[in-house]
$ cat model_7.txt   # compact mmCIF, C-alpha atoms
# COMPACT_ATOMS: atom_id res chain seq x y z
CA MET U 1 -8.34 141.60 84.65
CA ILE U 2 -4.78 141.32 85.94
CA PHE U 3 -1.61 140.94 83.90
CA VAL U 4 1.46 139.63 85.66
CA GLY U 5 5.02 140.12 84.43
CA ALA U 6 7.32 137.85 86.41
CA MET U 7 11.09 138.14 86.56
CA ARG U 8 13.70 136.74 88.85
CA ASN U 9 13.17 138.08 92.37
CA SER U 10 10.51 140.56 91.27
CA THR U 11 6.86 140.57 90.18
CA ALA U 12 4.89 143.48 88.74
CA MET U 13 1.10 143.52 88.42
CA TYR U 14 -1.19 145.85 86.54
CA SER U 15 -4.99 146.03 86.65
CA ILE U 16 -7.52 147.54 84.26
CA LYS U 17 -10.41 146.85 86.62
CA ALA U 18 -11.05 150.58 86.78
CA MET U 19 -11.51 150.73 82.99
CA PRO U 20 -14.57 148.62 81.98
CA ALA U 21 -14.06 147.04 78.59
CA LYS U 22 -17.42 148.31 77.27
CA PHE U 23 -16.10 151.88 77.50
CA LEU U 24 -12.82 151.14 75.74
CA MET U 25 -12.21 150.89 72.04
CA PHE U 26 -10.12 147.87 71.00
CA GLN U 27 -7.22 150.03 69.82
CA GLN U 28 -7.11 151.89 73.13
CA VAL U 29 -6.84 148.61 75.04
CA LYS U 30 -4.15 147.36 72.64
CA THR U 31 -2.12 150.55 73.06
CA TRP U 32 -2.45 150.45 76.83
CA LEU U 33 -1.29 146.84 77.02
CA HIS U 34 1.64 147.57 74.69
CA GLN U 35 2.80 150.40 76.96
CA LYS U 36 2.58 148.22 80.04
CA ARG U 37 4.47 145.40 78.35
CA ASN U 38 7.26 147.76 77.34
CA ALA U 39 7.48 149.10 80.89
CA ASN U 40 7.76 145.55 82.18
CA ASN U 41 10.40 144.56 79.61
CA CYS U 42 12.56 147.55 80.51
CA VAL U 43 13.39 146.00 83.86
CA PRO U 44 15.23 142.86 82.59
CA PHE U 45 16.96 144.93 79.90
CA CYS U 46 18.23 147.33 82.53
CA GLN U 47 19.43 144.37 84.58
CA VAL U 48 21.50 143.09 81.65
CA GLN U 49 22.95 146.57 81.06
CA ASN U 50 23.86 146.76 84.74
CA PHE U 51 25.58 143.38 84.46
CA ILE U 52 27.58 144.63 81.45
CA ASP U 53 28.57 147.84 83.23
CA LYS U 54 29.93 145.95 86.24
CA THR U 55 32.15 143.57 84.27
CA LYS U 56 35.38 144.58 82.57
CA LYS U 57 36.11 141.44 80.54
CA LEU U 58 33.50 138.89 79.52
CA PHE U 59 33.66 135.28 78.45
CA ILE U 60 30.84 134.75 75.94
CA LEU U 61 29.25 131.43 74.97
CA THR U 62 26.81 131.46 72.04
CA GLY U 63 24.54 128.71 70.78
CA ALA U 64 21.92 127.81 68.20
CA GLY U 65 19.52 130.48 69.45
CA LEU U 66 21.83 133.04 67.84
CA SER U 67 21.96 131.28 64.47
CA THR U 68 18.19 130.81 64.31
CA GLU U 69 17.86 134.60 64.28
CA SER U 70 19.76 134.47 60.96
CA GLY U 71 17.24 131.94 59.64
CA ILE U 72 19.46 128.88 60.20
CA PRO U 73 17.57 125.89 61.64
CA ASP U 74 18.48 124.78 65.15
CA TRP U 75 20.81 121.83 64.49
CA CYS U 76 19.85 120.31 67.86
CA ASP U 77 16.29 119.85 66.57
CA SER U 78 17.12 119.04 62.96
CA THR U 79 17.43 115.63 61.34
CA ASP U 80 19.17 117.10 58.32
CA VAL U 81 22.46 118.38 59.79
CA GLY U 82 25.58 116.26 59.81
CA GLY U 83 26.32 117.08 63.46
CA LEU U 84 23.59 114.65 64.52
CA TYR U 85 25.29 111.66 62.91
CA SER U 86 28.10 109.49 64.22
CA GLN U 87 31.35 109.35 62.26
CA SER U 88 30.79 105.70 61.42
CA PHE U 89 27.38 106.48 59.92
CA PHE U 90 28.88 109.30 57.87
CA GLN U 91 31.74 107.03 56.78
CA ASN U 92 29.34 104.37 55.55
CA SER U 93 26.71 106.62 53.97
CA ASP U 94 27.26 108.43 50.68
CA GLU U 95 23.92 110.16 51.23
CA ILE U 96 25.28 111.96 54.31
CA SER U 97 28.31 113.13 52.31
CA TRP U 98 26.06 114.51 49.59
CA GLN U 99 23.74 116.19 52.06
CA SER U 100 26.57 117.73 54.10
CA TRP U 101 27.72 119.70 51.05
CA ALA U 102 24.14 120.71 50.28
CA GLU U 103 23.68 121.92 53.87
CA TRP U 104 26.85 123.97 53.56
CA MET U 105 25.40 125.66 50.47
CA ARG U 106 22.27 126.51 52.45
CA PHE U 107 24.32 128.03 55.26
CA LYS U 108 26.14 130.23 52.76
CA SER U 109 22.81 131.81 51.84
CA HIS U 110 22.30 133.20 55.35
CA GLU U 111 23.62 136.50 56.64
CA LEU U 112 24.83 138.08 59.84
CA ASN U 113 22.30 139.36 62.31
CA ASP U 114 22.57 142.35 64.64
CA VAL U 115 23.82 140.21 67.53
CA HIS U 116 26.85 138.97 65.55
CA LYS U 117 27.64 142.59 64.72
CA ALA U 118 27.15 143.75 68.32
CA LEU U 119 29.51 141.10 69.71
CA SER U 120 32.13 142.05 67.13
CA ARG U 121 31.87 145.67 68.30
CA TRP U 122 32.22 144.58 71.92
CA GLU U 123 35.45 142.77 71.06
CA LYS U 124 36.89 145.80 69.28
CA ARG U 125 36.11 147.88 72.37
CA GLY U 126 38.00 145.46 74.59
CA LYS U 127 34.98 144.00 76.37
CA ILE U 128 35.43 140.36 75.41
CA GLU U 129 38.08 138.12 76.97
CA TRP U 130 37.09 135.32 74.59
CA LEU U 131 34.05 134.06 72.69
CA ALA U 132 33.23 130.37 72.36
CA THR U 133 30.46 129.37 69.97
CA GLN U 134 28.65 126.08 69.59
CA ASN U 135 27.59 127.13 66.09
CA PHE U 136 29.41 125.91 62.98
CA ASP U 137 28.08 128.54 60.54
CA GLY U 138 31.16 130.80 60.68
CA LEU U 139 29.08 133.96 61.16
CA HIS U 140 31.07 135.28 64.14
CA LEU U 141 34.21 135.29 62.00
CA LEU U 142 32.33 136.86 59.10
CA ALA U 143 31.21 139.62 61.49
CA GLY U 144 34.85 140.43 62.21
CA SER U 145 35.25 138.77 65.61
CA GLU U 146 38.76 137.37 66.09
CA ARG U 147 38.87 136.14 69.69
CA VAL U 148 36.70 133.15 68.79
CA THR U 149 36.78 129.38 69.26
CA GLU U 150 34.31 127.34 67.20
CA VAL U 151 33.82 124.63 69.82
CA ASN U 152 31.92 122.24 67.55
CA GLY U 153 33.99 122.98 64.46
CA SER U 154 32.93 124.66 61.24
CA LEU U 155 31.04 123.72 58.10
CA HIS U 156 33.47 125.97 56.25
CA ARG U 157 36.22 123.37 56.61
CA ALA U 158 36.52 119.69 55.72
CA LYS U 159 38.76 117.17 57.44
CA CYS U 160 40.11 113.85 56.22
CA MET U 161 38.96 110.99 58.43
CA SER U 162 42.28 109.21 57.87
CA CYS U 163 45.19 111.68 57.87
CA LYS U 164 43.25 114.58 59.54
CA ASP U 165 44.34 117.02 56.83
CA VAL U 166 42.08 120.09 56.74
CA THR U 167 40.71 121.65 53.55
CA GLU U 168 38.87 124.95 53.31
CA ARG U 169 35.38 124.28 52.01
CA ILE U 170 35.62 127.08 49.45
CA ASP U 171 38.50 125.13 47.86
CA LEU U 172 36.60 121.87 48.19
CA GLN U 173 33.59 123.40 46.46
CA LYS U 174 35.73 124.10 43.38
CA ARG U 175 36.62 120.41 43.27
CA PHE U 176 32.94 119.46 43.68
CA ILE U 177 31.99 121.67 40.74
CA LYS U 178 34.82 120.38 38.57
CA LEU U 179 33.82 116.76 39.24
CA ASN U 180 30.07 117.48 38.90
CA PRO U 181 29.69 120.26 36.28
CA ASN U 182 25.96 119.61 35.79
CA PHE U 183 25.08 119.61 39.49
CA SER U 184 22.47 122.15 40.63
CA LEU U 185 21.07 123.09 44.03
CA ASP U 186 18.25 125.38 45.11
CA VAL U 187 19.78 127.10 48.14
CA GLN U 188 16.53 129.00 48.80
CA ASP U 189 14.59 125.80 49.52
CA GLU U 190 13.48 125.91 53.16
CA ASN U 191 12.71 122.19 53.20
CA PRO U 192 15.45 119.55 53.62
CA VAL U 193 17.78 119.90 50.68
CA HIS U 194 17.23 117.52 47.79
CA LEU U 195 19.99 117.01 45.27
CA LYS U 196 18.53 117.38 41.80
CA ASP U 197 20.99 115.11 40.01
CA ASP U 198 20.99 111.34 40.25
CA MET U 199 22.92 110.68 43.49
CA LYS U 200 24.54 107.56 42.06
CA LYS U 201 26.23 109.72 39.44
CA PHE U 202 27.41 112.33 41.94
CA THR U 203 31.18 112.23 42.54
CA ILE U 204 32.53 113.07 46.01
CA PRO U 205 36.16 114.32 46.16
CA LYS U 206 38.68 112.37 48.19
CA CYS U 207 41.46 113.75 50.36
CA GLU U 208 44.22 115.07 48.10
CA ASN U 209 46.80 114.01 50.64
CA CYS U 210 45.88 110.34 51.17
CA ALA U 211 42.66 109.69 49.17
CA GLY U 212 40.77 109.25 52.44
CA ILE U 213 37.12 110.13 53.12
CA LEU U 214 36.38 113.81 53.76
CA LYS U 215 33.81 115.02 56.27
CA PRO U 216 32.76 118.44 57.57
CA ASP U 217 35.17 119.61 60.27
CA ILE U 218 32.50 119.48 62.98
CA LEU U 219 31.90 117.29 66.02
CA PHE U 220 29.81 114.20 65.46
CA ILE U 221 28.08 112.01 68.00
CA GLY U 222 30.84 110.20 69.87
CA ASP U 223 33.40 112.97 69.23
CA ASN U 224 34.96 115.01 72.02
CA ILE U 225 36.33 118.52 72.15
CA GLU U 226 40.13 118.41 72.05
CA MET U 227 41.59 118.58 75.55
CA SER U 228 43.84 121.52 74.64
CA VAL U 229 40.83 123.51 73.42
CA GLU U 230 38.82 122.66 76.53
CA THR U 231 41.70 123.65 78.83
CA PHE U 232 42.20 126.93 76.99
CA LEU U 233 38.53 127.91 77.20
CA LEU U 234 38.30 127.10 80.91
CA GLU U 235 41.33 129.33 81.50
CA CYS U 236 39.55 132.09 79.59
CA VAL U 237 36.58 131.71 81.93
CA LYS U 238 38.90 132.10 84.92
CA ASN U 239 40.54 135.18 83.40
CA ALA U 240 37.21 136.91 82.71
CA ASP U 241 35.28 139.04 85.19
CA GLY U 242 31.99 137.36 84.25
CA ILE U 243 30.38 135.20 81.61
CA MET U 244 27.36 135.55 79.34
CA ILE U 245 25.54 132.54 77.95
CA LEU U 246 23.55 133.44 74.86
CA GLY U 247 21.02 131.31 73.01
CA THR U 248 21.90 127.85 74.31
CA SER U 249 20.32 125.38 76.72
CA LEU U 250 23.79 123.96 77.53
CA GLU U 251 22.62 120.42 76.82
CA TYR U 252 25.42 119.30 74.50
CA PHE U 253 29.15 118.54 74.63
CA LYS U 254 29.64 119.43 78.31
CA SER U 255 28.86 123.08 77.58
CA SER U 256 27.51 123.66 81.10
CA GLN U 257 31.04 123.27 82.47
CA TYR U 258 31.83 126.91 81.64
CA ALA U 259 29.06 128.10 83.94
CA GLU U 260 30.11 125.60 86.60
CA VAL U 261 33.71 126.85 86.59
CA ALA U 262 32.55 130.46 86.63
CA PHE U 263 30.33 129.73 89.63
CA LYS U 264 33.18 127.96 91.42
CA PHE U 265 35.38 131.04 91.03
CA ASN U 266 32.60 133.46 92.02
CA LYS U 267 32.20 134.94 88.54
CA PRO U 268 28.80 136.52 87.81
CA ILE U 269 26.79 134.65 85.19
CA ALA U 270 24.18 136.18 82.88
CA ILE U 271 22.00 133.99 80.67
CA VAL U 272 19.81 135.23 77.81
CA ASN U 273 17.87 132.36 76.26
CA ILE U 274 14.35 131.34 75.35
CA GLY U 275 13.54 128.50 77.75
CA PRO U 276 15.44 126.83 80.59
CA THR U 277 19.13 125.96 80.60
CA LYS U 278 21.26 123.56 82.63
CA ALA U 279 22.87 126.51 84.42
CA ASP U 280 19.77 128.48 85.48
CA HIS U 281 20.41 127.54 89.13
CA LEU U 282 23.91 129.06 88.89
CA ALA U 283 22.92 132.29 87.14
CA THR U 284 23.24 135.72 88.65
CA LEU U 285 20.78 136.88 86.01
CA LYS U 286 18.51 134.89 83.69
CA ILE U 287 16.43 136.58 80.99
CA ASP U 288 13.99 134.77 78.70
CA ALA U 289 14.22 136.84 75.52
CA TYR U 290 15.30 136.79 71.91
CA LEU U 291 18.94 137.85 71.65
CA GLY U 292 18.12 140.39 68.94
CA ASP U 293 15.75 142.15 71.33
CA VAL U 294 18.47 142.63 73.95
CA LEU U 295 22.11 142.49 72.82
CA PRO U 296 22.16 145.18 70.08
CA LYS U 297 20.59 147.69 72.48
CA LEU U 298 23.27 147.34 75.15
CA THR U 299 26.02 149.91 75.38
CA VAL U 300 29.65 148.97 75.95
$ encode --input "model_7.txt" --output "structure tokens"
Amino acid sequence: MIFVGAMRNSTAMYSIKAMPAKFLMFQQVKTWLHQKRNANNCVPFCQVQNFIDKTKKLFILTGAGLSTESGIPDWCDSTDVGGLYSQSFFQNSDEISWQSWAEWMRFKSHELNDVHKALSRWEKRGKIEWLATQNFDGLHLLAGSERVTEVNGSLHRAKCMSCKDVTERIDLQKRFIKLNPNFSLDVQDENPVHLKDDMKKFTIPKCENCAGILKPDILFIGDNIEMSVETFLLECVKNADGIMILGTSLEYFKSSQYAEVAFKFNKPIAIVNIGPTKADHLATLKIDAYLGDVLPKLTV
């Protein structure tokens, strides 16, 4: 029996041919395999640590793979998150407005994970040039990170579709409650959120500035990242010594451009993600692993 642990540019093989199974207790085999797996996993971890040690300032890009480790569903695979709808559909569907608030309540019930905390520590120690996140859960900010751009916006803000005025969702929630005092929501429900009151009786606040329609301040299908934001982030990539791509396949909103610019300027690129990404061919280092198994263990 041969077990193969394959990594980029290296392959390690172990054999238990010399240990016939009939002479081994199950627990002994299990322990032996666990030890070999740990020895194999040490190599990619050490490679990431070496990457960190050789870079002074990092540009970090995080995606849904980070949020899922806090129990938040991957919005790219979900049919229940507003980010999958176009603005016109949201504008013409009261159901989407109702559900967007319910989804925000669900997000509030989730907490930071160890990766959010680790990245915040890295920033405080001067390791991070800038952090861009595709996630709209606000957890990087809650962890204390300050050098952050929420590329796809945030569910913790609402924007008027007419005058573009921005309202903090905590303030908007107070208006929701005032207009709907009998409304209730089970934020622990893991299934798509169902509003318990009769939807036809549910009142949605309007923009206080112009009475326009409010929507979550996130990118919808057909939206584009503001040019000024895009330009700023690409400059941050150029100013960094290397970039790390964490928990994203780079499939949405031109997110692979950060890796492409880094490659053009000879910046080393490290990717930690479960599954392939659009920048694997550009990566200096690619590790298939859960972020929580790698990032919190690194020293900066």
$ residues_around --input "model_7.txt" --residues "Thr203 (chain U)" --least-positions-apart "2" --cutoff "8 Å" --atoms "all atoms listed in the file" --output "VMD selection string"
chain U and resid 176 179 to 180 201 205
$ closest_atom_pairs --input "model_7.txt" --of "region 235-255 of chain U" --to "region 130-150 of chain U" --cutoff "10 Å" --atoms "only C-alpha atoms" --output "tab-separated table"
residue	atom	partner	partner_atom	distance
U:Cys236	CA	U:Trp130	CA	6.4
U:Val237	CA	U:Trp130	CA	8.2
U:Asn239	CA	U:Trp130	CA	9.5
U:Ala240	CA	U:Trp130	CA	8.3
U:Ile243	CA	U:Trp130	CA	9.7
U:Met244	CA	U:Leu131	CA	9.5
U:Ile245	CA	U:Ala132	CA	9.8
U:Leu246	CA	U:Thr133	CA	9.4
U:Gly247	CA	U:Gln134	CA	9.9
U:Thr248	CA	U:Gln134	CA	8.4
U:Leu250	CA	U:Gln134	CA	9.5
U:Tyr252	CA	U:Gln134	CA	9.0
U:Phe253	CA	U:Gln134	CA	9.1
U:Ser255	CA	U:Gln134	CA	8.5
$ closest_residue --input "model_7.txt" --among "U:Asp165, U:Gly212, U:His110, U:Val151" --to "Pro73 (chain U)" --atoms "all atoms listed in the file"
U:His110
$ atom_distance --input "model_7.txt" --atom1 "CA of Ala118 (chain U)" --atom2 "CA of Ile60 (chain U)"
12.4 Å
$ closest_residue --input "model_7.txt" --among "U:Leu234, U:Thr55, U:Lys278, U:Asp288" --to "Ala262 (chain U)" --atoms "only C-alpha atoms"
U:Leu234
$ closest_residue --input "model_7.txt" --among "U:Lys215, U:His116, U:Lys254, U:Arg125" --to "Ser162 (chain U)" --atoms "only C-alpha atoms"
U:Lys215
$ closest_residue --input "model_7.txt" --among "U:His281, U:Lys267, U:Lys178, U:Lys206" --to "Cys160 (chain U)" --atoms "all atoms listed in the file"
U:Lys206
$ atom_distance --input "model_7.txt" --atom1 "CA of Lys57 (chain U)" --atom2 "CA of Gly126 (chain U)"
7.4 Å
$ atom_distance --input "model_7.txt" --atom1 "CA of Val115 (chain U)" --atom2 "CA of Pro296 (chain U)"
5.8 Å
$ closest_residue --input "model_7.txt" --among "U:Val166, U:Leu172, U:Ala283, U:Ala270" --to "Gln49 (chain U)" --atoms "all atoms listed in the file"
U:Ala270
$ axis_aligned_box --input "model_7.txt" --around "region 166-175 of chain U" --padding-each-side "3 Å" --output "JSON"
{"center_x": 37.8, "center_y": 123.6, "center_z": 50.0, "size_x": 14.5, "size_y": 13.0, "size_z": 19.5}
$ closest_residue --input "model_7.txt" --among "U:Ser256, U:Asn113, U:Thr231, U:Asn50" --to "Asp293 (chain U)" --atoms "all atoms listed in the file"
U:Asn113
$ residues_around --input "model_7.txt" --residues "His156 (chain U)" --least-positions-apart "5" --cutoff "9 Å" --atoms "all atoms listed in the file" --output "ChimeraX atom specification"
/U:104,136-138,167-170,216-217
$ write_last_selection --input "model_7.txt" --atoms "C-alpha atoms" --output "PDB file, keeping the file's coordinate frame"
ATOM      1  CA  TRP U 104      26.850 123.970  53.560  1.00  0.00           C
ATOM      2  CA  PHE U 136      29.410 125.910  62.980  1.00  0.00           C
ATOM      3  CA  ASP U 137      28.080 128.540  60.540  1.00  0.00           C
ATOM      4  CA  GLY U 138      31.160 130.800  60.680  1.00  0.00           C
ATOM      5  CA  THR U 167      40.710 121.650  53.550  1.00  0.00           C
ATOM      6  CA  GLU U 168      38.870 124.950  53.310  1.00  0.00           C
ATOM      7  CA  ARG U 169      35.380 124.280  52.010  1.00  0.00           C
ATOM      8  CA  ILE U 170      35.620 127.080  49.450  1.00  0.00           C
ATOM      9  CA  PRO U 216      32.760 118.440  57.570  1.00  0.00           C
ATOM     10  CA  ASP U 217      35.170 119.610  60.270  1.00  0.00           C
TER      11      ASP U 217
END
